[in-house]
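Peer 1: Sharing coords03.cif, mmCIF, C-alpha atoms and all ligand atoms:
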```cif
data_start
loop_
_atom_site.label_atom_id
_atom_site.label_comp_id
_atom_site.auth_asym_id
_atom_site.auth_seq_id
_atom_site.Cartn_x
_atom_site.Cartn_y
_atom_site.Cartn_z
CA MET A 1 -103.72 47.29 -81.96
CA SER A 2 -100.73 49.44 -82.57
CA ASP A 3 -99.23 49.96 -85.99
CA ILE A 4 -95.58 48.95 -85.99
CA SER A 5 -95.55 48.29 -89.73
CA ASP A 6 -93.19 51.19 -90.36
CA THR A 7 -90.69 49.70 -87.92
CA THR A 8 -89.87 46.79 -90.21
CA LYS A 9 -89.11 48.86 -93.29
CA GLY A 10 -85.92 47.82 -94.96
CA THR A 11 -86.22 44.12 -94.14
CA ARG A 12 -85.72 41.92 -97.17
CA PRO A 13 -88.69 40.31 -98.92
CA ASP A 14 -89.52 36.96 -97.30
CA ALA A 15 -88.96 35.14 -100.55
CA ALA A 16 -85.41 36.45 -100.63
CA ASN A 17 -84.49 34.89 -97.30
CA GLY A 18 -86.20 31.60 -97.88
CA THR A 19 -89.16 32.12 -95.61
CA THR A 20 -91.97 32.37 -98.16
CA PRO A 21 -95.29 31.36 -96.55
CA ALA A 22 -96.03 27.69 -97.22
CA THR A 23 -99.08 26.62 -99.20
CA THR A 24 -100.29 23.20 -100.27
CA ASN A 25 -102.46 23.06 -103.39
CA GLY A 26 -103.27 26.69 -102.80
CA MET A 27 -104.56 25.96 -99.29
CA VAL A 28 -103.09 27.94 -96.45
CA THR A 29 -101.01 25.74 -94.15
CA ALA A 30 -98.37 26.70 -91.57
CA MET A 31 -97.25 30.25 -92.22
CA THR A 32 -94.07 32.08 -91.44
CA PRO A 33 -95.10 34.98 -89.21
CA ASP A 34 -93.71 38.41 -89.96
CA ARG A 35 -94.13 39.82 -86.46
CA ALA A 36 -95.80 39.22 -83.11
CA MET A 37 -98.06 41.59 -81.19
CA VAL A 38 -98.23 40.83 -77.49
CA ASN A 39 -100.56 42.32 -74.90
CA VAL A 40 -98.28 42.05 -71.87
CA THR A 41 -100.98 43.08 -69.39
CA GLY A 42 -104.71 43.66 -69.25
CA ARG A 43 -104.38 46.30 -66.55
CA CYS A 44 -104.66 49.97 -67.34
CA ASN A 45 -104.22 53.30 -65.58
CA SER A 46 -106.26 55.23 -68.13
CA ARG A 47 -110.00 55.36 -68.77
CA CYS A 48 -110.53 55.55 -72.52
CA SER A 49 -114.13 55.76 -73.67
CA TYR A 50 -113.60 53.32 -76.54
CA CYS A 51 -111.69 50.61 -74.69
CA MET A 52 -112.66 47.80 -72.35
CA ALA A 53 -109.26 47.28 -70.69
CA TRP A 54 -109.94 49.38 -67.59
CA ARG A 55 -113.56 48.28 -67.21
CA GLU A 56 -112.78 44.67 -66.38
CA ASP A 57 -110.51 43.08 -63.80
CA ARG A 58 -107.93 41.32 -65.93
CA THR A 59 -105.31 40.77 -63.26
CA ALA A 60 -105.91 37.02 -62.89
CA GLY A 61 -104.37 35.71 -66.10
CA GLU A 62 -101.47 38.17 -66.36
CA PRO A 63 -98.50 36.52 -68.12
CA THR A 64 -95.38 35.98 -66.04
CA LEU A 65 -91.98 37.18 -67.19
CA GLU A 66 -90.86 33.58 -67.79
CA GLU A 67 -93.94 32.88 -69.94
CA LEU A 68 -93.28 35.97 -72.05
CA LEU A 69 -89.58 35.21 -72.51
CA HIS A 70 -90.49 31.69 -73.64
CA ILE A 71 -93.06 33.00 -76.09
CA VAL A 72 -90.72 35.46 -77.77
CA GLU A 73 -88.18 32.65 -78.20
CA HIS A 74 -90.81 30.70 -80.12
CA ALA A 75 -91.69 33.80 -82.13
CA ALA A 76 -88.04 34.19 -83.14
CA LYS A 77 -87.75 30.54 -84.14
CA LEU A 78 -90.93 30.81 -86.20
CA GLY A 79 -89.32 33.65 -88.18
CA CYS A 80 -90.74 36.86 -86.66
CA LYS A 81 -88.70 39.97 -87.34
CA ALA A 82 -90.44 42.30 -84.89
CA VAL A 83 -92.40 42.18 -81.64
CA GLY A 84 -94.84 44.92 -80.67
CA PHE A 85 -95.90 45.33 -77.04
CA SER A 86 -99.34 46.60 -76.14
CA GLY A 87 -102.03 45.94 -73.54
CA GLY A 88 -103.68 47.23 -71.33
CA GLU A 89 -100.90 49.61 -70.48
CA PRO A 90 -97.53 47.92 -71.07
CA LEU A 91 -95.54 50.38 -68.93
CA LEU A 92 -97.38 49.08 -65.85
CA ARG A 93 -94.98 46.13 -66.09
CA GLY A 94 -91.71 46.91 -64.36
CA ASP A 95 -90.09 43.98 -66.14
CA LEU A 96 -90.88 45.19 -69.66
CA GLU A 97 -87.22 46.07 -70.19
CA ASP A 98 -86.23 42.42 -69.49
CA ILE A 99 -88.57 41.28 -72.26
CA ILE A 100 -87.31 43.98 -74.64
CA ARG A 101 -83.69 42.96 -73.98
CA HIS A 102 -84.58 39.36 -74.76
CA VAL A 103 -86.39 40.26 -77.98
CA LYS A 104 -83.39 42.30 -79.07
CA SER A 105 -80.92 39.52 -78.20
CA LEU A 106 -82.97 37.17 -80.39
CA GLY A 107 -82.45 39.49 -83.36
CA MET A 108 -85.97 40.91 -83.48
CA TYR A 109 -87.13 44.54 -83.43
CA PRO A 110 -89.02 45.55 -80.24
CA ALA A 111 -91.66 48.30 -80.44
CA LEU A 112 -94.10 49.69 -77.94
CA VAL A 113 -97.35 51.65 -77.76
CA THR A 114 -98.23 53.39 -74.50
CA ASN A 115 -100.70 55.88 -73.08
CA GLY A 116 -97.74 57.92 -71.79
CA VAL A 117 -98.83 58.21 -68.16
CA LEU A 118 -95.70 56.39 -66.92
CA LEU A 119 -93.41 57.56 -69.69
CA THR A 120 -91.07 59.51 -67.43
CA GLU A 121 -87.64 60.58 -68.62
CA LYS A 122 -86.11 57.86 -66.41
CA ARG A 123 -88.33 55.22 -68.03
CA VAL A 124 -87.54 56.44 -71.54
CA ARG A 125 -83.82 56.13 -70.80
CA SER A 126 -84.36 52.66 -69.35
CA LEU A 127 -86.36 51.55 -72.43
CA ALA A 128 -83.65 52.94 -74.70
CA ALA A 129 -80.93 51.13 -72.73
CA ALA A 130 -82.92 47.88 -73.05
CA GLY A 131 -82.93 48.33 -76.84
CA ILE A 132 -86.45 49.47 -77.74
CA GLY A 133 -86.61 50.07 -81.48
CA SER A 134 -89.43 52.61 -81.55
CA LEU A 135 -92.08 53.98 -79.29
CA SER A 136 -95.53 55.42 -79.95
CA MET A 137 -97.82 57.31 -77.59
CA SER A 138 -101.57 57.36 -78.08
CA LEU A 139 -102.79 60.93 -78.51
CA ASP A 140 -106.15 61.71 -80.09
CA THR A 141 -106.29 65.47 -79.62
CA LEU A 142 -104.29 68.47 -78.39
CA ASP A 143 -107.35 69.90 -76.65
CA ALA A 144 -107.19 69.19 -72.91
CA ASP A 145 -110.97 69.05 -72.42
CA LEU A 146 -111.49 66.80 -75.41
CA TYR A 147 -108.63 64.53 -74.35
CA GLN A 148 -110.23 64.18 -70.91
CA ALA A 149 -113.59 63.37 -72.53
CA ILE A 150 -112.09 60.76 -74.88
CA ARG A 151 -109.44 59.17 -72.69
CA GLY A 152 -110.88 59.83 -69.24
CA ILE A 153 -107.75 61.30 -67.63
CA PRO A 154 -106.03 64.72 -67.83
CA LEU A 155 -103.75 65.41 -70.81
CA LYS A 156 -101.13 67.29 -68.79
CA GLN A 157 -98.91 64.43 -67.66
CA PRO A 158 -98.84 62.34 -70.90
CA MET A 159 -98.19 65.54 -72.87
CA GLU A 160 -95.31 66.61 -70.62
CA HIS A 161 -93.85 63.11 -70.87
CA LEU A 162 -94.21 63.03 -74.65
CA LEU A 163 -92.49 66.37 -75.17
CA ALA A 164 -89.64 65.50 -72.81
CA ALA A 165 -89.19 62.06 -74.42
CA ALA A 166 -89.24 63.50 -77.95
CA ALA A 167 -86.60 66.07 -76.98
CA LEU A 168 -84.27 63.28 -75.80
CA LYS A 169 -84.26 61.79 -79.34
CA LEU A 170 -83.21 58.37 -78.01
CA MET A 171 -85.34 56.37 -80.47
CA PRO A 172 -87.83 56.99 -83.31
CA MET A 173 -91.08 58.10 -81.71
CA GLY A 174 -94.60 58.62 -82.92
CA ILE A 175 -98.16 59.36 -81.89
CA SER A 176 -101.02 56.92 -82.50
CA VAL A 177 -104.35 58.59 -83.17
CA THR A 178 -107.67 56.79 -82.84
CA VAL A 179 -110.03 58.53 -85.24
CA SER A 180 -113.53 58.94 -83.84
CA ALA A 181 -116.53 61.23 -84.25
CA ARG A 182 -114.99 63.48 -81.60
CA ASN A 183 -111.66 64.24 -83.29
CA VAL A 184 -112.23 63.63 -87.00
CA HIS A 185 -112.36 67.39 -87.67
CA SER A 186 -109.07 68.20 -85.94
CA LEU A 187 -106.61 65.61 -87.26
CA ASP A 188 -104.51 68.18 -89.16
CA SER A 189 -103.45 69.80 -85.89
CA LEU A 190 -101.97 66.46 -84.74
CA VAL A 191 -99.98 66.17 -87.97
CA GLU A 192 -98.65 69.69 -87.50
CA PHE A 193 -97.79 68.93 -83.86
CA ALA A 194 -95.97 65.71 -84.87
CA GLY A 195 -93.96 67.58 -87.51
CA MET A 196 -92.94 70.26 -85.00
CA HIS A 197 -91.61 67.72 -82.51
CA GLY A 198 -89.92 65.23 -84.82
CA LEU A 199 -92.63 62.59 -84.31
CA LEU A 200 -94.29 60.18 -86.73
CA VAL A 201 -98.09 60.08 -86.72
CA SER A 202 -100.34 57.11 -87.48
CA PHE A 203 -104.12 57.01 -87.63
CA GLN A 204 -106.51 54.18 -86.88
CA LEU A 205 -110.26 54.30 -87.33
CA TYR A 206 -112.31 53.71 -84.18
CA ALA A 207 -113.67 50.17 -84.22
CA ASP A 208 -116.71 49.19 -82.21
CA ASP A 209 -116.51 45.41 -82.26
CA VAL A 210 -112.84 44.44 -82.23
CA HIS A 211 -110.81 42.87 -79.41
CA LEU A 212 -111.01 45.14 -76.32
CA ALA A 213 -113.39 47.64 -77.94
CA ASN A 214 -116.19 49.15 -75.94
CA ALA A 215 -119.00 48.77 -78.47
CA ASP A 216 -120.38 52.27 -78.96
CA ALA A 217 -121.44 52.95 -82.52
CA SER A 218 -122.01 56.64 -81.71
CA GLN A 219 -118.22 57.17 -81.70
CA MET A 220 -117.97 56.20 -85.38
CA PRO A 221 -117.42 59.28 -87.59
CA GLU A 222 -119.64 59.93 -90.61
CA TRP A 223 -118.09 58.81 -93.87
CA GLN A 224 -118.28 62.32 -95.33
CA SER A 225 -116.08 63.67 -92.52
CA LEU A 226 -113.65 60.78 -92.97
CA GLU A 227 -113.45 61.34 -96.71
CA ALA A 228 -112.60 65.00 -96.23
CA ALA A 229 -110.10 64.24 -93.46
CA ALA A 230 -108.37 61.55 -95.55
CA GLU A 231 -107.86 63.87 -98.50
CA ARG A 232 -106.35 66.52 -96.23
CA LEU A 233 -104.03 63.98 -94.60
CA ILE A 234 -102.92 62.58 -97.97
CA THR A 235 -102.13 66.09 -99.18
CA LEU A 236 -100.09 66.79 -96.03
CA LYS A 237 -98.26 63.47 -96.50
CA GLU A 238 -97.47 64.34 -100.11
CA GLN A 239 -96.08 67.63 -98.85
CA GLY A 240 -93.70 65.76 -96.54
CA ALA A 241 -95.67 65.51 -93.29
CA PRO A 242 -94.69 62.46 -91.14
CA VAL A 243 -97.95 60.52 -91.67
CA THR A 244 -97.09 56.80 -91.68
CA ASN A 245 -100.42 55.52 -93.04
CA SER A 246 -100.77 54.58 -96.67
CA PRO A 247 -103.20 56.60 -98.80
CA GLU A 248 -105.04 53.28 -99.24
CA TYR A 249 -105.71 53.05 -95.51
CA LEU A 250 -106.72 56.70 -95.19
CA ARG A 251 -109.15 56.45 -98.12
CA SER A 252 -110.51 53.15 -96.83
CA MET A 253 -111.75 54.78 -93.61
CA ALA A 254 -114.65 56.49 -95.38
CA ALA A 255 -115.28 53.54 -97.70
CA PHE A 256 -115.37 51.19 -94.71
CA VAL A 257 -118.01 53.23 -92.89
CA ARG A 258 -120.03 53.87 -96.06
CA GLU A 259 -120.05 50.39 -97.54
CA GLY A 260 -117.81 48.14 -95.46
CA ALA A 261 -115.16 48.10 -98.21
CA TRP A 262 -111.41 48.48 -98.37
CA LEU A 263 -109.68 50.38 -101.12
CA GLY A 264 -106.40 49.12 -102.51
CA LEU A 265 -105.85 46.08 -100.31
CA GLY A 266 -106.26 42.66 -101.92
CA ARG A 267 -106.65 40.64 -98.74
CA CYS A 268 -105.91 40.74 -95.04
CA LEU A 269 -102.89 38.65 -94.05
CA GLY A 270 -103.38 39.12 -90.29
CA PRO A 271 -104.08 35.48 -89.36
CA GLN A 272 -101.43 34.21 -91.81
CA ARG A 273 -98.52 36.49 -90.98
CA GLU A 274 -99.09 38.11 -87.57
CA ILE A 275 -98.98 36.44 -84.19
CA CYS A 276 -101.49 38.03 -81.81
CA ILE A 277 -101.35 37.14 -78.13
CA ASP A 278 -103.95 38.55 -75.77
CA GLU A 279 -103.56 39.75 -72.18
CA ALA A 280 -104.61 36.34 -70.79
CA LEU A 281 -101.99 34.53 -72.90
CA ASN A 282 -104.30 33.18 -75.59
CA LEU A 283 -103.19 32.99 -79.19
CA VAL A 284 -105.96 34.74 -81.14
CA THR A 285 -106.49 34.83 -84.91
CA CYS A 286 -106.10 38.63 -85.09
CA TRP A 287 -107.24 41.73 -83.20
CA GLY A 288 -110.29 42.11 -85.43
CA MET A 289 -112.36 39.63 -83.43
CA ASP A 290 -112.23 37.59 -80.23
CA ARG A 291 -111.45 34.22 -81.77
CA LYS A 292 -109.07 32.21 -79.62
CA ILE A 293 -106.97 29.41 -81.07
CA GLY A 294 -105.82 28.20 -77.67
CA SER A 295 -104.05 29.05 -74.44
CA LEU A 296 -100.29 29.34 -74.45
CA ARG A 297 -100.43 27.77 -71.01
CA ASP A 298 -101.72 24.52 -72.53
CA ALA A 299 -99.54 24.39 -75.65
CA ASP A 300 -96.49 26.26 -76.92
CA LEU A 301 -96.67 28.99 -79.54
CA THR A 302 -95.13 26.92 -82.33
CA THR A 303 -97.64 24.10 -81.80
CA LEU A 304 -100.64 26.45 -81.72
CA TRP A 305 -99.43 28.53 -84.70
CA ARG A 306 -99.13 25.35 -86.79
CA SER A 307 -102.23 23.65 -85.36
CA GLU A 308 -105.14 22.29 -87.37
CA GLU A 309 -107.38 24.58 -85.31
CA PHE A 310 -105.53 27.64 -86.63
CA ALA A 311 -105.39 26.23 -90.18
CA LYS A 312 -109.19 25.82 -90.04
CA ALA A 313 -109.63 29.40 -88.76
CA ARG A 314 -107.38 30.69 -91.56
CA ARG A 315 -109.48 28.88 -94.18
CA GLU A 316 -112.65 30.34 -92.70
CA LEU A 317 -111.16 33.83 -92.57
CA ALA A 318 -109.83 33.82 -96.13
CA GLY A 319 -111.40 36.89 -97.72
CA CYS A 320 -112.41 38.37 -94.35
CA ARG A 321 -112.97 42.16 -94.42
CA ARG A 322 -114.50 42.54 -91.04
CA CYS A 323 -112.24 45.20 -89.56
CA LEU A 324 -110.07 48.14 -90.56
CA LEU A 325 -107.41 47.92 -87.88
CA SER A 326 -104.42 49.81 -89.22
CA CYS A 327 -101.87 47.33 -87.81
CA HIS A 328 -103.23 44.46 -89.88
CA PHE A 329 -104.15 46.57 -92.92
CA GLU A 330 -100.82 48.37 -93.30
CA ASN A 331 -98.75 45.26 -92.69
CA SER A 332 -100.85 43.24 -95.15
CA LEU A 333 -100.39 45.95 -97.78
CA ARG A 334 -96.62 45.93 -97.22
CA LEU A 335 -96.33 42.12 -97.27
CA LEU A 336 -98.46 41.77 -100.40
CA ALA A 337 -96.28 44.36 -102.17
CA MET A 338 -93.19 42.39 -101.15
CA GLU A 339 -94.73 39.13 -102.43
CA GLU A 340 -95.58 40.84 -105.71
CA ALA A 341 -92.06 42.24 -106.06
CA ALA A 342 -90.57 38.80 -105.34
CA THR A 343 -92.84 37.16 -107.94
CA ALA A 344 -91.93 39.83 -110.52
CA GLY A 345 -88.25 39.22 -109.71
CA ASP A 346 -88.66 35.45 -110.24
CA LYS A 347 -90.30 36.02 -113.64
CA ALA A 348 -87.63 38.49 -114.81
C1 LIG B 401 -105.47 49.11 -76.69
S1 LIG B 401 -104.25 50.37 -76.61
C2 LIG B 401 -102.98 49.60 -75.63
C3 LIG B 401 -101.74 50.42 -75.43
C4 LIG B 401 -101.85 51.63 -74.55
N1 LIG B 401 -102.63 51.43 -73.41
C5 LIG B 401 -102.32 52.83 -75.35
O1 LIG B 401 -103.45 53.29 -75.12
O2 LIG B 401 -101.56 53.26 -76.22
C6 LIG B 401 -103.52 50.39 -78.25
C7 LIG B 401 -104.15 51.37 -79.20
O3 LIG B 401 -105.47 50.93 -79.49
C8 LIG B 401 -106.29 52.08 -79.58
N2 LIG B 401 -107.70 51.68 -79.35
C9 LIG B 401 -108.27 51.34 -78.19
N3 LIG B 401 -109.57 51.04 -78.37
C10 LIG B 401 -109.82 51.19 -79.70
C11 LIG B 401 -110.97 51.02 -80.51
N4 LIG B 401 -112.14 50.66 -80.00
N5 LIG B 401 -110.85 51.23 -81.84
C12 LIG B 401 -109.67 51.59 -82.39
N6 LIG B 401 -108.54 51.77 -81.67
C13 LIG B 401 -108.62 51.57 -80.34
C14 LIG B 401 -105.74 52.99 -78.51
O4 LIG B 401 -106.12 54.34 -78.67
C15 LIG B 401 -104.25 52.78 -78.67
O5 LIG B 401 -103.70 53.67 -79.63
S1 LIG B 402 -106.70 52.46 -75.06
FE1 LIG B 402 -104.86 51.96 -73.86
S2 LIG B 402 -104.84 53.53 -72.29
FE2 LIG B 402 -106.87 53.53 -73.08
S3 LIG B 402 -108.03 52.19 -71.68
FE3 LIG B 402 -107.34 50.98 -73.47
S4 LIG B 402 -105.46 50.06 -72.85
FE4 LIG B 402 -105.87 51.75 -71.44
S1 LIG B 403 -110.01 41.75 -91.62
FE1 LIG B 403 -110.76 39.88 -90.65
S2 LIG B 403 -109.01 38.48 -90.61
FE2 LIG B 403 -108.21 40.56 -90.97
S3 LIG B 403 -107.69 41.35 -88.94
FE3 LIG B 403 -109.77 42.03 -89.41
S4 LIG B 403 -111.12 40.46 -88.51
FE4 LIG B 403 -109.06 39.58 -88.63
#
```
In structure tokens, how does this file's structure come out?

Peer 2:
Amino acid sequence: MSDISDTTKGTRPDAANGTTPATTNGMVTAMTPDRAMVNVTGRCNSRCSYCMAWREDRTAGEPTLEELLHIVEHAAKLGCKAVGFSGGEPLLRGDLEDIIRHVKSLGMYPALVTNGVLLTEKRVRSLAAAGIGSLSMSLDTLDADLYQAIRGIPLKQPMEHLLAAAALKLMPMGISVTVSARNVHSLDSLVEFAGMHGLLVSFQLYADDVHLANADASQMPEWQSLEAAAERLITLKEQGAPVTNSPEYLRSMAAFVREGAWLGLGRCLGPQREICIDEALNLVTCWGMDRKIGSLRDADLTTLWRSEEFAKARRELAGCRRCLLSCHFENSLRLLAMEEAATAGDKA
């Protein structure tokens, strides 16, 4: 559920390189994916209150290195430009660098989101040598007690790792903030912290019924607090702070809680343009729900991506507004703007 949308800035509009999504009589058919998001493990060494990863034993279906290398080859052939690694905790895999190297050799942009526990200086150098494009660490607060309450482990080690990694300046780095009732009033301090250390900062609203979420509606902030927080964050962004979210996303947080509505996004392109692979190697429609298209142990990625089963799911999800995951929202906004620009260019 990480937002790597900012990592693909500068890529040409799909229409310009001949990979415009295919449609037949306006019906969605096989789509050219923009990027893949792969949960490389279900294991975790953290204890976050809003996440299911550590509560269940997910060791059984862990993808092998060979399976993952094969999958990213299919992703490249399908047209993906970037691959984001998540989990569980992706740094628990000692072979992550092998996968990153392969992604890079296939001409795609590898990105990673981590809890930071294993982000030692040695590991940062190893990730950089493998060719990681960018790296984000999840950090919801600077307050040690609050961090422990939200994420279930002490802040000390991830914070030391983050500061040491940022000082190395080996790759663009950011912090990923999950916005909940507990931290909604202190988001500005994270923006200030990011600015001081040369980090980007992205926000994602807590979700109580998405893939891996630990359903707990009490963690959802009140819309009034979100509205106030969004306006402050937009002002800071306008003043040059390194907030990667769009104003549309930030304003949608309050609207989503208040009335289940987005602001400024026409439609979600998640199932059309983003490959999502879960920690047990299932291709899923998106991270906004647990809808599996099939196991990548029974069929290859290309076959499942182009399958009738997925086409049916895409038809059913046309117009879906069920979640406000920033990864899908921000990338949809970017892709729709590119489509619009390409259409305007064709007409000119
Ligand atoms: C599932 S984690 C996996 C990667 C890594 N373990 C980490 O925590 O960064 C990816 C991101 O999803 C966020 N997340 C987890 N549960 C969430 C939820 N219920 N709603 C919104 N974001 C959530 C995490 O805070 C983290 O930034
Ligand atoms: S959010 Fe990340 S670190 Fe926290 S329990 Fe889930 S997978 Fe682990
Ligand atoms: S809005 Fe719907 S289709 Fe889009 S990611 Fe969320 S659940 Fe999936």

Peer 1: Report as a list in words which protein, DNA and RNA residues come within 7 Å of ligand LIG 403 (chain B), using only C-alpha atoms and all ligand atoms.

Peer 2: Cys268, Leu269, Gly270, Pro271, Thr285, Cys286, Trp287, Gly288, Met289, Leu317, Cys320, Arg321, Arg322, Cys323, Leu324, Leu325 and His328 of chain A

Peer 1: Which residues, written as a list in words, have at least one atom at most 8 Å from segment 96-98 of chain A, with all atoms listed in the file counted and residues fewer than 3 positions away on the same chain left out?

Peer 2: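 Skipping anything fewer than 3 positions along the chain leaves Pro90, Leu91, Arg93, Arg101, His102, Ser126, Leu127 and Ala130 of chain A.
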
Peer 1: Could you check which of A:Asn282, A:Thr64, A:Asn115, A:Ser176 is closest to ligand LIG 402 (chain B), using all atoms listed in the file?

Peer 2: A:Asn115

Peer 1: Please, what distance in Å, to one decimal, runs between atom CA of Leu304 of chain A and atom CA of Met108 of chain A?

Peer 2: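 Between these atoms lies a distance of 20.7 Å.
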
Peer 1: For ligand LIG 401 (chain B), which of A:Ala213, A:Val124, A:Gly198, A:Val38 is the closest residue, counting all atoms listed in the file?

Peer 2: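 Among the listed residues, the smallest separation from ligand LIG 401 (chain B) belongs to A:Ala213.
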
Peer 1: Nearest residue to ligand LIG 401 (chain B) out of A:Asp208, A:Asp34, A:Glu279, A:Glu309, using only C-alpha atoms and all ligand atoms?

Peer 2: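 Closest candidate: A:Asp208.
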
Peer 1: Using only C-alpha atoms for the distances, tell me which of A:Asp95, A:Glu192, A:Glu339, A:Glu330 is nearest to Asn245 of chain A.

Peer 2: A:Glu330

Peer 1: Just the number, please: distance in Å from atom CA of Arg334 of chain A to atom CA of Gly260 of chain A, one decimal.

Peer 2: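 Taking atom CA of Arg334 of chain A as the start and atom CA of Gly260 of chain A as the end point, the length is 21.4 Å.
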
Peer 1: At a cut-off of 6 Å around ligand LIG 402 (chain B), and using only C-alpha atoms and all ligand atoms, what residues come up? Please write them as an mmCIF file with C-alpha atoms, in the coordinates of the input.

Peer 2:
```cif
data_model
loop_
_atom_site.group_PDB
_atom_site.id
_atom_site.type_symbol
_atom_site.label_atom_id
_atom_site.label_comp_id
_atom_site.auth_asym_id
_atom_site.auth_seq_id
_atom_site.Cartn_x
_atom_site.Cartn_y
_atom_site.Cartn_z
ATOM 1 C CA CYS A 44 -104.660 49.970 -67.340
ATOM 2 C CA SER A 46 -106.260 55.230 -68.130
ATOM 3 C CA ARG A 47 -110.000 55.360 -68.770
ATOM 4 C CA CYS A 48 -110.530 55.550 -72.520
ATOM 5 C CA CYS A 51 -111.690 50.610 -74.690
ATOM 6 C CA ALA A 53 -109.260 47.280 -70.690
ATOM 7 C CA TRP A 54 -109.940 49.380 -67.590
ATOM 8 C CA GLY A 87 -102.030 45.940 -73.540
ATOM 9 C CA GLY A 88 -103.680 47.230 -71.330
ATOM 10 C CA GLU A 89 -100.900 49.610 -70.480
ATOM 11 C CA ASN A 115 -100.700 55.880 -73.080
#
```

Peer 1: Could you tell me, counting all atoms listed in the file, which protein and nucleic acid residues lie no more than 9 Å from ligand LIG 401 (chain B), written as an NGL selection string?

Peer 2: :A and (1-3 or 39 or 42-46 or 48-53 or 85-91 or 112-116 or 136-140 or 151 or 175-180 or 203-216 or 324-326)

Peer 1: May I ask for the distance between atom CA of Gln219 of chain A and atom CA of Ala181 of chain A, given in Å to one decimal place?

Peer 2: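 So the answer is 5.1 Å.
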
Peer 1: Write out as lines of an AutoDock Vina configuration file an axis-aligned box for segment 189-205 of chain A: all of its atoms listed in the file, 8 Å added on each side, centre and edge lengths in Å with one decimal.

Peer 2:
```
center_x = -100.1
center_y = 62.2
center_z = -85.2
size_x = 36.3
size_y = 32.1
size_z = 21.5
```

Peer 1: Would you kindly return, as a ChimeraX atom specification, each protein, DNA or RNA residue with an atom no farther than 12 Å from any atom of segment 292-295 of chain A, considering only C-alpha atoms and excluding same-chain residues fewer than 2 positions away?

Peer 2: /A:61,63,67,71,211,271,275-290,297-314

Peer 1: With only C-alpha atoms as the basis for distance, which of A:Glu274, A:Gly240, A:Ser218, A:Leu106 is at the shortest distance from Met37 of chain A?

Peer 2: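 Going through A:Glu274, A:Gly240, A:Ser218, A:Leu106 one by one, the smallest distance to Met37 of chain A is for A:Glu274.
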
Peer 1: Hey, what's within 12 Å of Ala166 of chain A if we count only C-alpha atoms and toss same-chain stuff fewer than 4 positions away? As an MDAnalysis selection string, please?

Peer 2: chainID A and resid 116 119:121 124:125 134:137 158:162 170:175 193:200

Peer 1: Here is a test: counting all atoms listed in the file, which residue of A:Ala164, A:Leu226, A:Thr343, A:Leu78 is nearest to Ser252 of chain A?

Peer 2: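 For Ser252 of chain A, the nearest of the candidates is A:Leu226.
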
Peer 1: Give me the residues within 8 Å of Glu73 of chain A as a VMD selection string, counting all atoms listed in the file and dropping any in the same chain fewer than 4 places off.

Peer 2: chain A and resid 69 77 103 106

Peer 1: Enumerate, as an MDAnalysis selection string, the protein, DNA and RNA residues whose atoms approach (-90.7, 40.7, -83.1) to within 9 Å, taking into account all atoms listed in the file and the coordinate frame of the file.

Peer 2: chainID A and resid 34:37 72 75:76 79:84 103:104 106:111
